[in-house]
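Shown here: query-v2.txt, compact mmCIF, C-alpha atoms and all ligand atoms.
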```txt
# COMPACT_ATOMS: atom_id res chain seq x y z
CA MET C 31 -15.70 -7.60 2.52
CA ASP C 32 -14.49 -6.35 5.86
CA GLY C 33 -10.77 -5.70 6.19
CA GLY C 34 -11.26 -4.53 9.78
CA LEU C 35 -11.66 -1.26 11.64
CA ILE C 36 -9.04 1.45 11.21
CA LEU C 37 -8.80 4.31 13.71
CA ILE C 38 -7.32 7.40 12.07
CA ALA C 39 -6.06 9.91 14.66
CA GLU C 40 -5.55 13.04 12.58
CA ASP C 41 -6.50 16.65 13.28
CA GLU C 42 -6.32 17.88 9.68
CA PRO C 43 -9.77 17.12 8.26
CA GLU C 44 -8.70 17.00 4.60
CA ILE C 45 -5.94 14.48 5.29
CA ALA C 46 -8.25 12.42 7.49
CA SER C 47 -11.04 12.24 4.95
CA LEU C 48 -8.70 11.46 2.05
CA LEU C 49 -7.13 8.63 4.00
CA GLN C 50 -10.55 7.45 5.10
CA ALA C 51 -11.70 7.26 1.45
CA TYR C 52 -8.69 5.16 0.46
CA PHE C 53 -9.19 2.73 3.34
CA GLU C 54 -12.90 2.42 2.68
CA ARG C 55 -12.27 1.73 -0.99
CA GLU C 56 -10.15 -1.23 0.12
CA GLY C 57 -12.95 -2.64 2.26
CA PHE C 58 -11.98 -1.29 5.68
CA ARG C 59 -14.26 0.45 8.14
CA VAL C 60 -12.88 3.73 9.43
CA VAL C 61 -13.34 5.95 12.45
CA VAL C 62 -11.59 9.30 12.72
CA ALA C 63 -10.43 11.04 15.91
CA ALA C 64 -9.41 14.69 15.67
CA ASP C 65 -7.37 14.75 18.87
CA GLY C 66 -5.36 12.45 21.10
CA GLU C 67 -7.95 12.26 23.87
CA ILE C 68 -10.73 11.20 21.49
CA ALA C 69 -8.37 8.71 19.86
CA LEU C 70 -7.82 7.03 23.23
CA GLN C 71 -11.56 6.97 23.94
CA HIS C 72 -12.33 5.48 20.53
CA HIS C 73 -9.64 2.89 21.03
CA LEU C 74 -11.17 1.83 24.32
CA MET C 75 -14.75 1.74 23.06
CA LEU C 76 -14.34 0.49 19.49
CA ARG C 77 -11.28 -1.78 19.66
CA PRO C 78 -9.88 -0.95 16.21
CA ASP C 79 -7.68 -3.48 14.37
CA LEU C 80 -5.09 -0.84 13.59
CA VAL C 81 -4.38 2.82 14.43
CA ILE C 82 -2.93 5.45 12.09
CA LEU C 83 -1.54 7.93 14.58
CA ASP C 84 -0.44 11.45 13.72
CA ILE C 85 2.22 12.77 16.10
CA LYS C 86 1.17 16.43 16.21
CA LEU C 87 -2.29 16.12 17.72
CA PRO C 88 -4.22 18.44 20.07
CA CYS C 89 -4.87 17.42 23.73
CA ARG C 90 -2.51 14.43 23.84
CA ASP C 91 0.20 14.13 21.21
CA GLY C 92 0.97 10.98 19.26
CA PHE C 93 3.79 9.94 21.62
CA GLU C 94 1.52 10.06 24.65
CA VAL C 95 -1.24 8.24 22.81
CA LEU C 96 1.17 5.55 21.64
CA SER C 97 2.55 4.88 25.09
CA GLU C 98 -0.98 4.63 26.50
CA LEU C 99 -1.95 2.25 23.67
CA ARG C 100 1.07 0.11 24.51
CA ARG C 101 0.06 0.00 28.16
CA ARG C 102 -3.32 -1.27 27.02
CA GLY C 103 -2.10 -3.96 24.67
CA ASP C 104 -0.68 -4.62 21.25
CA THR C 105 -3.05 -2.92 18.78
CA PRO C 106 -0.89 -2.30 15.68
CA VAL C 107 0.06 1.37 15.27
CA ILE C 108 1.44 3.22 12.27
CA MET C 109 2.80 6.64 13.18
CA ALA C 110 2.54 9.60 10.80
CA THR C 111 4.86 12.55 11.02
CA ALA C 112 6.13 15.46 8.97
CA LEU C 113 9.29 15.84 11.03
CA ALA C 114 12.54 13.91 10.79
CA GLU C 115 13.31 14.60 14.45
CA ASP C 116 10.10 12.82 15.42
CA LEU C 117 11.47 9.70 13.73
CA ASP C 118 14.66 9.95 15.79
CA LYS C 119 12.60 10.31 18.93
CA LEU C 120 10.39 7.38 17.95
CA SER C 121 13.28 5.02 17.44
CA GLY C 122 15.09 6.39 20.49
CA LEU C 123 12.11 5.83 22.76
CA ARG C 124 11.41 2.37 21.39
CA LEU C 125 7.76 2.99 21.99
CA GLY C 126 6.79 0.12 19.80
CA ALA C 127 5.10 1.59 16.73
CA ASP C 128 4.70 -1.10 14.09
CA ASP C 129 5.62 1.19 11.23
CA TYR C 130 5.70 4.86 10.34
CA VAL C 131 4.95 7.08 7.35
CA VAL C 132 6.34 10.52 6.58
CA LYS C 133 4.04 13.36 5.57
CA PRO C 134 3.17 14.33 2.95
CA TYR C 135 2.41 10.70 2.25
CA ASN C 136 0.72 8.83 -0.55
CA PRO C 137 -2.53 7.44 0.92
CA LEU C 138 -2.04 4.29 -1.16
CA GLU C 139 1.22 3.67 0.59
CA VAL C 140 -0.37 4.11 4.00
CA VAL C 141 -3.04 1.57 3.08
CA ALA C 142 -0.40 -0.84 1.76
CA ARG C 143 1.62 -0.52 4.97
CA ALA C 144 -1.47 -1.03 7.08
CA LYS C 145 -2.29 -4.21 5.17
CA ALA C 146 1.28 -5.43 5.58
CA VAL C 147 1.20 -4.77 9.33
CA LEU C 148 -2.16 -6.53 9.67
CA ARG C 149 -0.92 -9.53 7.69
CA ARG C 150 2.23 -9.76 9.76
CA GLY C 151 0.05 -9.96 12.82
CA ARG C 152 -2.10 -12.69 11.31
CA ASN C 153 0.18 -15.11 9.49
CA GLY C 154 3.71 -14.01 8.74
CA SER C 155 5.02 -13.77 5.21
CA PRO C 156 3.01 -12.07 2.47
CA GLN C 157 2.47 -13.69 -0.90
CA ALA C 158 4.96 -11.67 -2.90
CA LEU C 159 6.62 -12.33 -6.24
CA ARG C 160 9.92 -10.67 -6.99
CA HIS C 161 11.60 -9.97 -10.31
CA ASP C 162 14.79 -8.00 -9.95
CA SER C 163 13.72 -4.63 -8.44
CA LEU C 164 10.04 -5.24 -9.00
CA GLU C 165 7.83 -6.83 -6.36
CA VAL C 166 4.19 -7.80 -6.72
CA ASP C 167 2.17 -8.73 -3.66
CA LEU C 168 -0.70 -10.84 -4.97
CA SER C 169 -2.71 -10.90 -1.78
CA LEU C 170 -2.44 -7.18 -1.08
CA HIS C 171 -2.82 -6.26 -4.76
CA VAL C 172 0.13 -3.91 -4.59
CA ALA C 173 3.22 -3.56 -6.80
CA TYR C 174 6.43 -2.08 -5.42
CA ALA C 175 9.62 -0.68 -6.87
CA VAL C 176 12.47 -1.89 -4.67
CA THR C 177 15.27 0.30 -5.94
CA GLY C 178 16.39 1.71 -2.59
CA PRO C 179 16.13 0.86 1.10
CA GLU C 180 12.38 1.58 1.08
CA LYS C 181 9.79 -0.14 -1.09
CA VAL C 182 7.83 2.37 -3.17
CA VAL C 183 4.24 1.62 -4.13
CA ILE C 184 3.53 1.82 -7.87
CA ASP C 185 0.03 3.18 -8.37
CA LEU C 186 -1.57 0.85 -10.95
CA THR C 187 -5.08 0.38 -12.27
CA LEU C 188 -6.69 -3.02 -11.80
CA SER C 189 -6.01 -3.95 -15.45
CA GLU C 190 -2.36 -2.92 -15.23
CA PHE C 191 -1.97 -4.83 -11.99
CA ARG C 192 -3.47 -7.97 -13.51
CA LEU C 193 -1.18 -7.78 -16.54
CA LEU C 194 1.86 -7.27 -14.38
CA SER C 195 1.02 -10.09 -11.98
CA HIS C 196 0.36 -12.44 -14.90
CA LEU C 197 3.73 -11.64 -16.48
CA ILE C 198 5.65 -11.91 -13.21
CA ARG C 199 4.25 -15.36 -12.42
CA THR C 200 6.33 -16.76 -15.30
CA PRO C 201 9.17 -14.30 -15.90
CA LEU C 202 10.75 -14.40 -19.38
CA LYS C 203 7.87 -16.36 -20.91
CA VAL C 204 6.31 -14.54 -23.88
CA PHE C 205 2.55 -14.15 -23.56
CA SER C 206 0.43 -13.49 -26.62
CA ARG C 207 -1.92 -10.52 -26.69
CA ALA C 208 -4.85 -12.91 -26.97
CA GLU C 209 -3.82 -14.77 -23.85
CA LEU C 210 -3.26 -11.57 -21.89
CA LEU C 211 -6.62 -10.29 -23.05
CA ASP C 212 -8.39 -13.49 -21.94
CA THR C 213 -6.76 -13.81 -18.56
CA CYS C 214 -6.25 -10.18 -17.56
CA LEU C 215 -8.95 -8.14 -19.27
CA PRO C 216 -11.93 -10.45 -19.60
CA GLU C 217 -14.45 -7.63 -19.29
CA SER C 218 -12.90 -5.48 -22.03
CA ASP C 219 -14.04 -5.16 -25.63
CA ALA C 220 -11.81 -8.00 -26.85
CA LEU C 221 -9.52 -5.91 -29.04
CA GLU C 222 -5.89 -6.93 -28.84
CA ARG C 223 -4.79 -3.32 -29.09
CA THR C 224 -6.48 -2.77 -25.72
CA VAL C 225 -3.64 -4.87 -24.32
CA ASP C 226 -1.12 -2.60 -26.01
CA SER C 227 -2.58 0.53 -24.47
CA HIS C 228 -2.65 -0.98 -20.95
CA VAL C 229 0.89 -2.26 -21.38
CA SER C 230 2.05 1.14 -22.54
CA ASN C 231 0.53 2.80 -19.46
CA LEU C 232 2.04 0.12 -17.26
CA ARG C 233 5.48 0.68 -18.81
CA ARG C 234 5.21 4.42 -18.28
CA LYS C 235 4.40 3.94 -14.60
CA LEU C 236 7.19 1.40 -14.10
CA GLU C 237 9.61 3.76 -15.80
CA LYS C 238 8.49 6.62 -13.57
CA ALA C 239 9.11 4.37 -10.57
CA GLY C 240 12.70 3.84 -11.75
CA LEU C 241 12.07 0.52 -13.50
CA PRO C 242 12.52 1.16 -17.24
CA GLY C 243 12.56 -1.71 -19.72
CA TYR C 244 10.81 -4.25 -17.49
CA VAL C 245 8.08 -5.15 -19.96
CA ILE C 246 9.41 -6.16 -23.38
CA GLY C 247 7.35 -6.27 -26.55
CA VAL C 248 8.10 -9.28 -28.75
CA ARG C 249 7.27 -8.36 -32.31
CA GLY C 250 4.35 -10.26 -33.77
CA VAL C 251 3.84 -12.26 -30.56
CA GLY C 252 3.17 -10.32 -27.39
CA TYR C 253 4.91 -9.37 -24.16
CA ARG C 254 7.22 -10.73 -21.52
CA LEU C 255 9.18 -9.46 -18.54
CA SER C 256 12.79 -8.51 -19.21
CA ARG C 257 15.81 -10.44 -18.02
CA PRO C 258 17.02 -9.07 -14.71
CA CA Z 1 -1.43 17.04 13.05
```

Let me see the file written as structure tokens.
Ligand code: CA
Amino acid sequence: MDGGLILIAEDEPEIASLLQAYFEREGFRVVVAADGEIALQHHLMLRPDLVILDIKLPCRDGFEVLSELRRRGDTPVIMATALAEDLDKLSGLRLGADDYVVKPYNPLEVVARAKAVLRRGRNGSPQALRHDSLEVDLSLHVAYAVTGPEKVVIDLTLSEFRLLSHLIRTPLKVFSRAELLDTCLPESDALERTVDSHVSNLRRKLEKAGLPGYVIGVRGVGYRLSRP
């Protein structure tokens, strides 16, 4: 699949290649520019679908690059910065970044934001299911904890994500282990305790994200989401 071309303007090679790996894993193509001048050249030549733009860049900084990009058109831009004062400047200048991330960031979150920005551009509202402070975006394959002003990505394995999205489709319904195994873990070894171990990992991650008690075990039956 081709999610599109992402231009990563980032002068720290380790950050750039980590981010590149995460985007590629999600089916995007990636080109990296190590300074602002190269970023502008790549943008002109390659017409990326989205730009991840670090603010502290050699040659031309992220602010200059962004304003040039805006002169050229409306390519979506996500700004990356380590400095709070950059955020003030960004909002003050109203340069028109589509989103921003603060370093050190979780690459998963950057990818999730990029997908959200790209979707917004294409067709408006994402396909998200909400249960209290838990949100699952089925099309982006991302779960979020929404306990504060910012959504926080919960880093789940594919099996955990499938279990969670199955439960959240019908909140409060109790699903048997056998049903969860069939629908969520079809490639596993068909032991019902496999479900238990995935659920226990899922619970631990939800708890760590500030969402304790969201998945309830029903003795002798299976699992359901808690009441909000
Ligand atoms: Ca930098």

Counting all atoms listed in the file, closest pick from C:Lys203, C:Lys133, C:Lys181, C:Arg102 relative to ligand CA 1 (chain Z) is C:Lys133

Choose the residue, out of C:Val251, C:Ala127, C:Leu138, C:Leu232, that has the smallest atom-to-atom separation from C:Ser206; count all atoms listed in the file. C:Val251

Env of C:Leu221: 10 Å cut, atoms = all atoms listed in the file, seq-sep filter 4 positions within chain, self excluded. Answer as a PyMOL selection string. chain C and resi 207-208+211+225-226

Site check for ligand CA 1 (chain Z): residues at most 7 Å away, only C-alpha atoms and all ligand atoms, as a list of chain:residue names: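 Listing the residues within 7 Å of ligand CA 1 (chain Z) gives C:Glu40, C:Asp41, C:Glu42, C:Asp84, C:Ile85, C:Lys86, C:Leu87.
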
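What separates atom CA of C:Asp128 from atom CA of C:Arg59 is a distance of 19.9 Å.
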
Cut-off 10 Å around (-9.1, 16.5, 22.0) with only C-alpha atoms: residues as an MDAnalysis selection string: chainID C and resid 41 63:70 87:91

Nearest candidate to C:Leu74 (options C:Pro179, C:Gly103, C:Gly247, C:Pro216; using all atoms listed in the file):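 Of all the options, C:Gly103 lies closest to C:Leu74.
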
What is the distance, in Å and to one decimal place, between atom CA of C:Leu99 and atom CA of C:Tyr52?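 Result for atom CA of C:Leu99 versus atom CA of C:Tyr52: 24.3 Å, one decimal.
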
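Across the structure, atom CA of C:Val140 and atom CA of C:Glu115 are spaced 20.2 Å apart.
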
Looking at C:Val176, C:Cys214, C:Ala239, C:Leu164, which one is nearest to C:Ser256, with distances taken over only C-alpha atoms?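 The answer is C:Leu164, which sits nearest to C:Ser256.
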
List every protein, DNA or RNA residue with an atom no more than 9 Å from (10.8, 7.8, -5.4) in the file's coordinates, counting all atoms listed in the file, and format the result as a PyMOL selection string. chain C and resi 175+177-178+182+238-240

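Proximity ranking of C:Leu210, C:Ala158, C:Leu194, C:Val172 relative to C:Leu255 places C:Leu194 first, based on only C-alpha atoms.
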
Name the residues in contact with C:Glu165 at a cut-off of 12 Å, using all atoms listed in the file, excluding same-chain residues fewer than 4 positions from it; report them as a ChimeraX atom specification. /C:156-161,170-177,181-184,191,194-195,197-199,236,241,244

Rank C:Arg249, C:Arg149, C:Arg192, C:His72 by their smallest atom-to-atom distance to C:His228, using all atoms listed in the file, and report the top residue only.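 So, comparing all the options, the nearest one is C:Arg192.
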